[in-house]
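K.L.:
What follows is start.tsv, TSV, C-alpha atoms.
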chain	number	residue	atom	x	y	z
A	1	MET	CA	-40.84	44.67	51.65
A	2	SER	CA	-37.65	44.52	49.56
A	3	ILE	CA	-36.47	41.78	47.28
A	4	ASN	CA	-33.01	40.27	47.60
A	5	LYS	CA	-31.20	40.37	44.27
A	6	GLU	CA	-28.17	38.48	45.52
A	7	TYR	CA	-28.81	35.25	43.69
A	8	GLN	CA	-26.83	33.24	41.15
A	9	VAL	CA	-27.93	32.52	37.60
A	10	PHE	CA	-29.33	29.10	38.49
A	11	GLU	CA	-31.93	30.87	40.66
A	12	GLY	CA	-32.83	33.38	37.95
A	13	LEU	CA	-36.13	33.62	36.11
A	14	ARG	CA	-34.64	32.70	32.73
A	15	ILE	CA	-33.23	29.41	33.99
A	16	ALA	CA	-36.43	28.66	35.91
A	17	THR	CA	-38.62	29.17	32.84
A	18	VAL	CA	-36.34	27.03	30.68
A	19	LEU	CA	-36.33	24.25	33.27
A	20	THR	CA	-40.11	24.25	33.60
A	21	PHE	CA	-40.35	24.21	29.80
A	22	ILE	CA	-38.11	21.12	29.82
A	23	SER	CA	-40.32	19.50	32.46
A	24	GLY	CA	-43.46	20.15	30.46
A	25	TYR	CA	-41.77	18.84	27.35
A	26	LEU	CA	-40.50	15.62	28.96
A	27	ASN	CA	-43.77	14.84	30.72
A	28	ALA	CA	-45.81	15.36	27.55
A	29	PHE	CA	-43.27	13.35	25.54
A	30	THR	CA	-43.49	10.34	27.83
A	31	TYR	CA	-47.28	10.64	28.10
A	32	VAL	CA	-47.67	10.59	24.31
A	33	THR	CA	-44.96	8.07	23.42
A	34	GLN	CA	-44.72	5.89	26.53
A	35	ASP	CA	-48.32	4.82	27.06
A	36	GLY	CA	-49.59	7.53	29.38
A	37	ARG	CA	-46.74	7.58	31.87
A	38	PHE	CA	-44.97	10.66	33.22
A	39	ALA	CA	-41.24	11.27	33.51
A	40	GLY	CA	-41.53	13.67	36.44
A	41	ILE	CA	-45.11	13.88	37.70
A	42	GLN	CA	-44.92	10.90	40.04
A	43	SER	CA	-48.32	11.63	41.59
A	44	GLY	CA	-49.85	10.73	38.22
A	45	ASN	CA	-47.82	7.52	38.06
A	46	ILE	CA	-48.80	6.60	41.62
A	47	ILE	CA	-52.49	7.19	40.85
A	48	MET	CA	-52.32	4.88	37.83
A	49	LEU	CA	-50.23	2.30	39.69
A	50	SER	CA	-52.83	2.21	42.45
A	51	TYR	CA	-55.65	2.06	39.90
A	52	TYR	CA	-54.19	-0.99	38.18
A	53	LEU	CA	-53.28	-2.55	41.52
A	54	ALA	CA	-56.95	-2.34	42.50
A	55	LYS	CA	-57.86	-4.02	39.20
A	56	GLY	CA	-55.24	-6.72	39.71
A	57	ASP	CA	-53.32	-5.87	36.52
A	58	MET	CA	-49.79	-6.47	37.75
A	59	LEU	CA	-48.19	-5.90	34.35
A	60	GLN	CA	-49.48	-2.34	34.32
A	61	VAL	CA	-48.44	-1.93	37.96
A	62	ALA	CA	-44.87	-2.85	37.01
A	63	ARG	CA	-44.93	-0.40	34.08
A	64	PHE	CA	-45.92	2.53	36.29
A	65	LEU	CA	-43.56	1.43	39.06
A	66	ASN	CA	-40.57	1.79	36.73
A	67	PRO	CA	-40.42	5.64	36.59
A	68	ILE	CA	-41.20	5.91	40.29
A	69	LEU	CA	-38.23	3.75	41.25
A	70	PHE	CA	-35.81	5.58	38.98
A	71	PHE	CA	-37.09	8.92	40.25
A	72	VAL	CA	-36.25	7.69	43.76
A	73	LEU	CA	-32.80	6.62	42.54
A	74	GLY	CA	-32.29	10.12	41.21
A	75	GLN	CA	-32.79	11.56	44.69
A	76	PHE	CA	-30.01	9.33	46.01
A	77	VAL	CA	-27.72	10.76	43.34
A	78	VAL	CA	-28.82	14.33	44.15
A	79	TYR	CA	-27.80	13.77	47.77
A	80	LEU	CA	-24.38	12.42	46.77
A	81	ILE	CA	-23.69	15.31	44.36
A	82	GLN	CA	-24.86	17.91	46.87
A	83	LYS	CA	-22.71	16.37	49.60
A	84	ARG	CA	-19.69	16.25	47.28
A	85	PHE	CA	-19.99	19.90	46.23
A	86	LYS	CA	-21.73	21.38	49.28
A	87	LYS	CA	-19.22	24.24	49.51
A	88	ASP	CA	-19.70	25.26	45.87
A	89	LYS	CA	-23.33	25.71	44.85
A	90	TRP	CA	-22.40	26.64	41.30
A	91	LEU	CA	-20.43	23.41	40.81
A	92	TRP	CA	-23.30	21.41	42.32
A	93	HIS	CA	-25.81	22.91	39.89
A	94	PHE	CA	-23.47	22.73	36.90
A	95	SER	CA	-22.60	19.08	37.62
A	96	SER	CA	-26.28	18.20	37.86
A	97	SER	CA	-27.01	20.07	34.64
A	98	LEU	CA	-24.26	18.17	32.82
A	99	LEU	CA	-25.58	14.89	34.23
A	100	MET	CA	-29.09	15.71	33.02
A	101	THR	CA	-27.73	16.58	29.58
A	102	GLY	CA	-25.74	13.37	29.36
A	103	PHE	CA	-28.70	11.16	30.19
A	104	ILE	CA	-30.98	13.06	27.82
A	105	ILE	CA	-28.46	12.51	25.01
A	106	ILE	CA	-28.37	8.80	25.86
A	107	ALA	CA	-32.18	8.69	25.75
A	108	VAL	CA	-32.26	10.58	22.44
A	109	VAL	CA	-29.83	8.13	20.85
A	110	PHE	CA	-31.30	4.88	22.13
A	111	SER	CA	-35.02	5.49	22.74
A	112	PRO	CA	-36.12	4.89	19.12
A	113	PHE	CA	-34.44	1.47	19.19
A	114	VAL	CA	-35.08	0.09	22.69
A	115	GLY	CA	-38.13	-0.66	24.78
A	116	PRO	CA	-40.05	1.82	26.92
A	117	PHE	CA	-38.46	0.57	30.15
A	118	PHE	CA	-35.17	2.23	29.25
A	119	THR	CA	-36.74	5.50	28.09
A	120	MET	CA	-38.93	5.90	31.16
A	121	ALA	CA	-36.12	4.98	33.54
A	122	THR	CA	-33.72	7.47	31.97
A	123	LEU	CA	-36.12	10.42	31.78
A	124	ALA	CA	-37.54	9.84	35.28
A	125	PHE	CA	-33.96	9.91	36.56
A	126	VAL	CA	-33.36	13.19	34.70
A	127	ALA	CA	-36.53	14.73	36.14
A	128	SER	CA	-35.48	13.70	39.63
A	129	ILE	CA	-32.05	15.30	39.26
A	130	GLN	CA	-33.69	18.48	38.00
A	131	ILE	CA	-36.25	18.91	40.77
A	132	GLY	CA	-33.72	17.93	43.44
A	133	THR	CA	-31.13	20.45	42.28
A	134	PHE	CA	-32.93	23.54	41.00
A	135	GLN	CA	-35.21	24.47	43.88
A	136	LYS	CA	-35.24	28.27	44.13
A	137	LEU	CA	-36.41	31.19	42.03
A	138	ARG	CA	-34.66	34.39	43.09
A	139	GLY	CA	-34.21	33.03	46.59
A	140	ALA	CA	-37.79	31.75	46.97
A	141	PRO	CA	-38.71	28.05	46.73
A	142	TYR	CA	-40.51	26.81	43.63
A	143	ALA	CA	-41.04	23.54	41.78
A	144	ASN	CA	-39.95	23.04	38.18
A	145	VAL	CA	-41.30	19.52	37.59
A	146	MET	CA	-44.66	19.27	39.39
A	147	MET	CA	-46.92	22.32	39.16
A	148	THR	CA	-49.45	21.90	42.01
A	149	GLY	CA	-47.38	23.95	44.44
A	150	ASN	CA	-46.78	26.60	41.80
A	151	VAL	CA	-50.51	26.98	41.12
A	152	LYS	CA	-51.06	27.42	44.86
A	153	ASN	CA	-48.20	29.89	45.23
A	154	ALA	CA	-49.19	31.94	42.19
A	155	ALA	CA	-52.72	32.43	43.50
A	156	TYR	CA	-51.75	33.00	47.13
A	157	LEU	CA	-48.79	35.32	46.57
A	158	TRP	CA	-50.49	37.46	43.96
A	159	PHE	CA	-53.73	37.82	45.95
A	160	LYS	CA	-51.88	38.52	49.21
A	161	GLY	CA	-49.69	41.07	47.47
A	162	TRP	CA	-52.71	42.76	45.91
A	163	ARG	CA	-54.63	42.88	49.20
A	164	GLU	CA	-51.64	44.11	51.20
A	165	HIS	CA	-50.28	46.42	48.48
A	166	ASP	CA	-46.99	44.53	48.48
A	167	GLU	CA	-45.30	44.86	45.09
A	168	VAL	CA	-42.74	42.16	45.83
A	169	LEU	CA	-45.38	39.53	46.58
A	170	CYS	CA	-47.33	40.54	43.48
A	171	ARG	CA	-44.16	40.22	41.42
A	172	ARG	CA	-43.41	36.78	42.84
A	173	GLY	CA	-46.96	35.69	42.07
A	174	GLN	CA	-46.58	36.98	38.52
A	175	GLU	CA	-43.25	35.21	38.12
A	176	THR	CA	-44.85	31.96	39.23
A	177	ILE	CA	-47.64	32.46	36.69
A	178	PHE	CA	-44.91	32.91	34.08
A	179	ILE	CA	-43.40	29.60	35.22
A	180	LEU	CA	-46.76	27.88	34.76
A	181	GLY	CA	-47.03	29.33	31.27
A	182	SER	CA	-43.58	28.02	30.40
A	183	PHE	CA	-44.52	24.53	31.59
A	184	SER	CA	-47.70	24.66	29.52
A	185	LEU	CA	-45.78	25.80	26.45
A	186	GLY	CA	-43.42	22.85	26.85
A	187	VAL	CA	-46.40	20.49	26.98
A	188	ILE	CA	-47.97	22.02	23.87
A	189	ILE	CA	-44.81	21.94	21.76
A	190	SER	CA	-43.89	18.45	22.93
A	191	THR	CA	-47.37	17.12	22.20
A	192	LEU	CA	-47.24	18.46	18.64
A	193	LEU	CA	-43.70	17.26	17.95
A	194	SER	CA	-44.27	13.87	19.58
A	195	SER	CA	-47.41	13.38	17.50
A	196	TRP	CA	-45.42	14.12	14.35
A	197	PHE	CA	-42.04	12.53	15.07
A	198	TYR	CA	-42.87	10.15	17.93
A	199	GLU	CA	-39.71	9.19	19.87
A	200	TYR	CA	-37.44	11.25	17.62
A	201	ALA	CA	-39.13	14.35	19.08
A	202	LEU	CA	-37.02	13.93	22.21
A	203	ALA	CA	-34.03	15.39	20.36
A	204	TYR	CA	-35.60	18.86	20.41
A	205	VAL	CA	-35.30	19.11	24.20
A	206	LEU	CA	-31.53	19.24	23.81
A	207	LEU	CA	-31.79	22.89	22.77
A	208	PRO	CA	-33.13	24.20	26.11
A	209	ILE	CA	-30.95	21.95	28.27
A	210	LEU	CA	-27.84	23.03	26.37
A	211	TYR	CA	-28.90	26.63	26.96
A	212	VAL	CA	-29.01	25.94	30.71
A	213	ASN	CA	-25.48	24.56	30.56
A	214	TYR	CA	-24.33	27.56	28.57
A	215	GLU	CA	-25.78	30.07	31.05
A	216	LEU	CA	-24.24	28.27	34.01
A	217	TRP	CA	-20.84	28.09	32.33
A	218	ARG	CA	-21.11	31.73	31.23
A	219	GLU	CA	-21.74	32.87	34.80
A	220	LYS	CA	-18.58	31.11	36.00
A	221	SER	CA	-16.44	32.38	33.13
A	222	LEU	CA	-17.53	35.97	33.75
A	223	ALA	CA	-17.00	35.77	37.51
Show the structure stored in the file as structure tokens.
P.N.:
Amino acid sequence: MSINKEYQVFEGLRIATVLTFISGYLNAFTYVTQDGRFAGIQSGNIIMLSYYLAKGDMLQVARFLNPILFFVLGQFVVYLIQKRFKKDKWLWHFSSSLLMTGFIIIAVVFSPFVGPFFTMATLAFVASIQIGTFQKLRGAPYANVMMTGNVKNAAYLWFKGWREHDEVLCRRGQETIFILGSFSLGVIISTLLSSWFYEYALAYVLLPILYVNYELWREKSLA
């Protein structure tokens, strides 16, 4: 089995690891600073929403509903951007990356001074744009916000490749494990920084997202 190397930079391993790092960072940041809510892991928000709904605590239900609704809104925007730039995948991905960066900057500036509604809404929207835009790793589907599918793929692909002596499958399994490690690293660093600097820790995520923009722009300028 051969691997297809005809992919653009936004499907490369470097971008994928940076994006999963960002996801881990944002989810840990909101969990630590925004009362146990997640920017991107909506299954966690839905579990807690349902839990508080069962207990009749409607205030908590509304708090967990906030990121879910803005994540949904993000998917509407993903559709519109994709439709607008459907003939140019690079422009679609670069536009989404710029949009993510812009909203992260807004969150960095205003989050220390406004309530959690704004912060959760903004970062859930960012997470939605990210997962809706960056969907492939070297031509194969992967998830950069929620890790359940990646855990499954890492185990299945690596074991199948090992059993069938398929180096490509083994490599894809190993790449997915690398993705999981990047997500975990983002969580660890974000947890430490958020514990020290609280909402000001969000500023540090600008470094990786600016790197994504740089790599996308660099690919176009070298084309």
K.L.:
Hey, what's within 8 Å of Ser128 of chain A if we count only C-alpha atoms and toss same-chain stuff fewer than 6 positions away? As a list in words, please?
P.N.:
Gly40, Phe71, Val72, Gly74 and Gln75 of chain A
K.L.:
Can you pull out every residue within 9 Å of Ser97 of chain A, counting only C-alpha atoms, but drop anything in the same chain fewer than 3 positions away, and send it as a PyMOL selection string?
P.N.:
chain A and resi 92-94+100-102+129-130+133+209-210+212-213+216
K.L.:
Go ahead and dump the residues you just picked, C-alpha atoms, as a compact mmCIF listing (two decimals), keeping the file's coordinate frame.
P.N.:
# COMPACT_ATOMS: atom_id res chain seq x y z
CA TRP A 92 -23.30 21.41 42.32
CA HIS A 93 -25.81 22.91 39.89
CA PHE A 94 -23.47 22.73 36.90
CA MET A 100 -29.09 15.71 33.02
CA THR A 101 -27.73 16.58 29.58
CA GLY A 102 -25.74 13.37 29.36
CA ILE A 129 -32.05 15.30 39.26
CA GLN A 130 -33.69 18.48 38.00
CA THR A 133 -31.13 20.45 42.28
CA ILE A 209 -30.95 21.95 28.27
CA LEU A 210 -27.84 23.03 26.37
CA VAL A 212 -29.01 25.94 30.71
CA ASN A 213 -25.48 24.56 30.56
CA LEU A 216 -24.24 28.27 34.01
K.L.:
Segment 169-201 of chain A near segment 4-24 of chain A within 7 Å: what's each residue's closest atom pair and its distance in Å to one decimal, counting all atoms listed in the file, ordered by chain then ascending residue number, as JSON lines?
P.N.:
{"residue": "A:Ile179", "atom": "CA", "partner": "A:Thr17", "partner_atom": "CA", "distance": 5.4}
{"residue": "A:Ser182", "atom": "CA", "partner": "A:Phe21", "partner_atom": "CA", "distance": 5.0}
{"residue": "A:Phe183", "atom": "CA", "partner": "A:Phe21", "partner_atom": "CA", "distance": 4.5}
{"residue": "A:Ser184", "atom": "CA", "partner": "A:Gly24", "partner_atom": "CA", "distance": 6.3}
{"residue": "A:Leu185", "atom": "CA", "partner": "A:Phe21", "partner_atom": "CA", "distance": 6.6}
{"residue": "A:Gly186", "atom": "CA", "partner": "A:Phe21", "partner_atom": "CA", "distance": 4.5}
{"residue": "A:Val187", "atom": "CA", "partner": "A:Gly24", "partner_atom": "CA", "distance": 4.6}
K.L.:
Give me a file of those residues, with C-alpha atoms, as a short mmCIF file (atom, residue, chain, number, x, y, z; two decimals), in the coordinates of the input.
P.N.:
data_model
loop_
_atom_site.label_atom_id
_atom_site.label_comp_id
_atom_site.auth_asym_id
_atom_site.auth_seq_id
_atom_site.Cartn_x
_atom_site.Cartn_y
_atom_site.Cartn_z
CA ILE A 179 -43.40 29.60 35.22
CA SER A 182 -43.58 28.02 30.40
CA PHE A 183 -44.52 24.53 31.59
CA SER A 184 -47.70 24.66 29.52
CA LEU A 185 -45.78 25.80 26.45
CA GLY A 186 -43.42 22.85 26.85
CA VAL A 187 -46.40 20.49 26.98
#
K.L.:
What is the atom CA of Ile46 of chain A-atom CA of Leu65 of chain A distance in Å, reported with one decimal?
P.N.:
7.8 Å
K.L.:
Looking at A:Val78, A:Met58, A:Val205, A:Leu193, which one is nearest to Phe134 of chain A, with distances taken over only C-alpha atoms?
P.N.:
A:Val78
K.L.:
Ranking A:Leu123, A:Met147, A:Ala28, A:Leu99 by minimum distance to Ile188 of chain A and counting all atoms listed in the file, which one comes first?
P.N.:
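Residue with the minimum atom-to-atom distance to Ile188 of chain A: A:Ala28.
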K.L.:
Between atom CA of Ser43 of chain A and atom CA of Ala154 of chain A, what is the spacing in Å?
P.N.:
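Atom CA of Ala154 of chain A sits 20.3 Å away from atom CA of Ser43 of chain A.
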K.L.:
Taking a cut-off of 12 Å and counting only C-alpha atoms, can you build a table that, for each residue of segment 9-33 of chain A near segment 113-122 of chain A, reports the nearest atom pair and how far apart they are in Å (one decimal), sorted by chain then residue number, as a tab-separated table?
P.N.:
residue	atom	partner	partner_atom	distance
A:Leu26	CA	A:Met120	CA	10.1
A:Asn27	CA	A:Met120	CA	10.2
A:Phe29	CA	A:Met120	CA	10.3
A:Thr30	CA	A:Met120	CA	7.2
A:Tyr31	CA	A:Met120	CA	10.1
A:Val32	CA	A:Pro116	CA	11.9
A:Thr33	CA	A:Pro116	CA	8.7
K.L.:
Using Å and a single decimal, report how far atom CA of Phe110 of chain A sits from atom CA of Val126 of chain A.
P.N.:
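Computing the Euclidean distance for atom CA of Val126 of chain A and atom CA of Phe110 of chain A yields 15.2 Å.
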K.L.:
Quick one: residues within 10 Å of Arg63 of chain A, all atoms listed in the file, excluding same-chain residues fewer than 2 positions away - as a list in words?
P.N.:
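Once the nearby chain positions are removed, what remains is Gln34, Asp35, Arg37, Asn45, Met48, Leu49, Met58, Leu59, Gln60, Val61, Leu65, Asn66, Pro67, Ile68, Pro116, Phe117 and Met120 of chain A.
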